Amino acid sequence: MVDKAEEASFPSPLPVKAETVAWLKVRLLAGPQRIAALVAEWCGGQQAQSKGSVGWEGGRDGTNGRFLAELMAARYVLGVVALLDDSGSYCWRLPPGRQ
């Protein structure tokens with residue numbers, strides 16, 4: 001859960017639920033995660049086998065009551081950083097000191 005000092009250092013332009021911030025933080029504690037997979041999982045996608053590994057596919061904004069705008073606001077609250085991984089896929093990671 002994000003404390004008030006962390007929220008104050010990264011003000012969000014949209015209201016964001018503590019549960020959303022916690023959901024994203026838990027996933028990013030494991031290290032950088034592909035943005036597409038996070039969005040698909042957040043928006044109600046399904047796990048699918050792809051190239052020898054299990055990933056998230058599908059999911060549409062709002063179909064499960066979760067909206068992409070709220071996930072993006074949680075990203076802002078946490079100060080998440082975007083980067084390219086070794087395969088050229090865009091990922092998010094927590095900034096240093098937020099783990």
# chains A, B, ... in the order shown; residues from 1 in each chain; ligands from 1

call {"tool": "residues_around", "arguments": {"residues": "Pro15 in chain A", "least_positions_apart": "4", "cutoff": "12 Å", "atoms": "only C-alpha atoms", "output": "PyMOL selection string"}}
result
chain A and resi 7+11+19-21+69-74+76-77

call {"tool": "write_last_selection", "arguments": {"atoms": "N, CA, C and O atoms", "output": "PDB file, in the first residue's frame"}}
result
ATOM      1  N   GLU A   7       2.233   9.373  -2.156  1.00  0.00           N
ATOM      2  CA  GLU A   7       1.198   9.972  -2.991  1.00  0.00           C
ATOM      3  C   GLU A   7       1.461  11.453  -3.194  1.00  0.00           C
ATOM      4  O   GLU A   7       1.263  11.962  -4.292  1.00  0.00           O
ATOM      5  N   PRO A  11       1.771  13.538  -7.503  1.00  0.00           N
ATOM      6  CA  PRO A  11       0.324  13.797  -7.553  1.00  0.00           C
ATOM      7  C   PRO A  11      -0.289  13.284  -8.853  1.00  0.00           C
ATOM      8  O   PRO A  11       0.276  13.444  -9.921  1.00  0.00           O
ATOM      9  N   GLU A  19      -6.270   0.347  -3.963  1.00  0.00           N
ATOM     10  CA  GLU A  19      -6.204  -1.031  -4.450  1.00  0.00           C
ATOM     11  C   GLU A  19      -5.534  -1.116  -5.815  1.00  0.00           C
ATOM     12  O   GLU A  19      -4.816  -2.061  -6.109  1.00  0.00           O
ATOM     13  N   THR A  20      -5.758  -0.112  -6.656  1.00  0.00           N
ATOM     14  CA  THR A  20      -5.152  -0.101  -7.983  1.00  0.00           C
ATOM     15  C   THR A  20      -3.651   0.121  -7.874  1.00  0.00           C
ATOM     16  O   THR A  20      -2.861  -0.559  -8.533  1.00  0.00           O
ATOM     17  N   VAL A  21      -3.258   1.045  -7.028  1.00  0.00           N
ATOM     18  CA  VAL A  21      -1.833   1.321  -6.808  1.00  0.00           C
ATOM     19  C   VAL A  21      -1.166   0.065  -6.253  1.00  0.00           C
ATOM     20  O   VAL A  21      -0.090  -0.332  -6.709  1.00  0.00           O
ATOM     21  N   ALA A  69      -7.515   4.166 -17.670  1.00  0.00           N
ATOM     22  CA  ALA A  69      -7.185   5.474 -17.097  1.00  0.00           C
ATOM     23  C   ALA A  69      -6.778   5.346 -15.631  1.00  0.00           C
ATOM     24  O   ALA A  69      -5.865   6.031 -15.172  1.00  0.00           O
ATOM     25  N   GLU A  70      -7.433   4.458 -14.896  1.00  0.00           N
ATOM     26  CA  GLU A  70      -7.085   4.283 -13.492  1.00  0.00           C
ATOM     27  C   GLU A  70      -5.712   3.609 -13.344  1.00  0.00           C
ATOM     28  O   GLU A  70      -4.919   3.970 -12.474  1.00  0.00           O
ATOM     29  N   LEU A  71      -5.406   2.647 -14.216  1.00  0.00           N
ATOM     30  CA  LEU A  71      -4.092   2.016 -14.185  1.00  0.00           C
ATOM     31  C   LEU A  71      -3.005   3.039 -14.495  1.00  0.00           C
ATOM     32  O   LEU A  71      -1.955   3.060 -13.853  1.00  0.00           O
ATOM     33  N   MET A  72      -3.261   3.910 -15.452  1.00  0.00           N
ATOM     34  CA  MET A  72      -2.290   4.951 -15.790  1.00  0.00           C
ATOM     35  C   MET A  72      -2.116   5.939 -14.636  1.00  0.00           C
ATOM     36  O   MET A  72      -1.009   6.404 -14.380  1.00  0.00           O
ATOM     37  N   ALA A  73      -3.182   6.242 -13.926  1.00  0.00           N
ATOM     38  CA  ALA A  73      -3.075   7.123 -12.764  1.00  0.00           C
ATOM     39  C   ALA A  73      -2.250   6.458 -11.668  1.00  0.00           C
ATOM     40  O   ALA A  73      -1.426   7.111 -11.022  1.00  0.00           O
ATOM     41  N   ALA A  74      -2.421   5.148 -11.477  1.00  0.00           N
ATOM     42  CA  ALA A  74      -1.629   4.412 -10.491  1.00  0.00           C
ATOM     43  C   ALA A  74      -0.159   4.425 -10.887  1.00  0.00           C
ATOM     44  O   ALA A  74       0.724   4.573 -10.037  1.00  0.00           O
ATOM     45  N   TYR A  76       1.337   6.765 -12.435  1.00  0.00           N
ATOM     46  CA  TYR A  76       1.814   8.112 -12.117  1.00  0.00           C
ATOM     47  C   TYR A  76       2.093   8.257 -10.619  1.00  0.00           C
ATOM     48  O   TYR A  76       3.117   8.806 -10.215  1.00  0.00           O
ATOM     49  N   VAL A  77       1.202   7.740  -9.793  1.00  0.00           N
ATOM     50  CA  VAL A  77       1.363   7.806  -8.333  1.00  0.00           C
ATOM     51  C   VAL A  77       2.650   7.101  -7.903  1.00  0.00           C
ATOM     52  O   VAL A  77       3.384   7.590  -7.053  1.00  0.00           O
TER      53      VAL A  77
END

call {"tool": "residues_around", "arguments": {"residues": "range 25-34 of chain A", "least_positions_apart": "5", "cutoff": "6 Å", "atoms": "only C-alpha atoms", "output": "PyMOL selection string"}}
result
chain A and resi 90-93

call {"tool": "atom_distance", "arguments": {"atom1": "CA of Leu24 in chain A", "atom2": "CA of Glu41 in chain A"}}
result
10.6 Å

call {"tool": "atom_distance", "arguments": {"atom1": "CA of Phe67 in chain A", "atom2": "CA of Leu84 in chain A"}}
result
24.2 Å

call {"tool": "atom_distance", "arguments": {"atom1": "CA of Leu94 in chain A", "atom2": "CA of Val81 in chain A"}}
result
6.2 Å

call {"tool": "closest_residue", "arguments": {"among": "A:Val39, A:Leu83, A:Val16, A:Leu78", "to": "Gly62 in chain A", "atoms": "only C-alpha atoms"}}
result
A:Val39

call {"tool": "residues_around", "arguments": {"residues": "Arg66 in chain A", "least_positions_apart": "3", "cutoff": "8 Å", "atoms": "only C-alpha atoms", "output": "number ranges by chain"}}
result
A: 42-44, 61-63, 70

call {"tool": "write_last_selection", "arguments": {"atoms": "N, CA, C and O atoms", "output": "short mmCIF file (atom, residue, chain, number, x, y, z; two decimals), in the first residue's frame"}}
result
data_model
loop_
_atom_site.label_atom_id
_atom_site.label_comp_id
_atom_site.auth_asym_id
_atom_site.auth_seq_id
_atom_site.Cartn_x
_atom_site.Cartn_y
_atom_site.Cartn_z
N TRP A 42 -4.97 -6.30 -16.39
CA TRP A 42 -5.80 -5.31 -15.70
C TRP A 42 -7.19 -5.23 -16.33
O TRP A 42 -8.21 -5.16 -15.63
N CYS A 43 -7.27 -5.27 -17.63
CA CYS A 43 -8.54 -5.10 -18.35
C CYS A 43 -9.30 -6.41 -18.56
O CYS A 43 -10.23 -6.45 -19.35
N GLY A 44 -8.93 -7.47 -17.86
CA GLY A 44 -9.71 -8.70 -17.89
C GLY A 44 -9.34 -9.68 -18.97
O GLY A 44 -10.16 -10.50 -19.37
N ASP A 61 -10.97 -2.41 -22.29
CA ASP A 61 -11.15 -1.36 -21.29
C ASP A 61 -12.57 -1.36 -20.73
O ASP A 61 -13.53 -1.21 -21.47
N GLY A 62 -12.68 -1.58 -19.43
CA GLY A 62 -13.97 -1.49 -18.76
C GLY A 62 -14.80 -2.75 -18.72
O GLY A 62 -15.80 -2.79 -18.01
N THR A 63 -14.43 -3.82 -19.44
CA THR A 63 -15.28 -5.00 -19.46
C THR A 63 -15.38 -5.69 -18.11
O THR A 63 -16.37 -6.35 -17.83
N GLU A 70 -7.43 4.46 -14.90
CA GLU A 70 -7.08 4.28 -13.49
C GLU A 70 -5.71 3.61 -13.34
O GLU A 70 -4.92 3.97 -12.47
#

call {"tool": "closest_residue", "arguments": {"among": "A:Ala22, A:Ile35, A:Val80, A:Ala40", "to": "Pro96 in chain A", "atoms": "only C-alpha atoms"}}
result
A:Val80
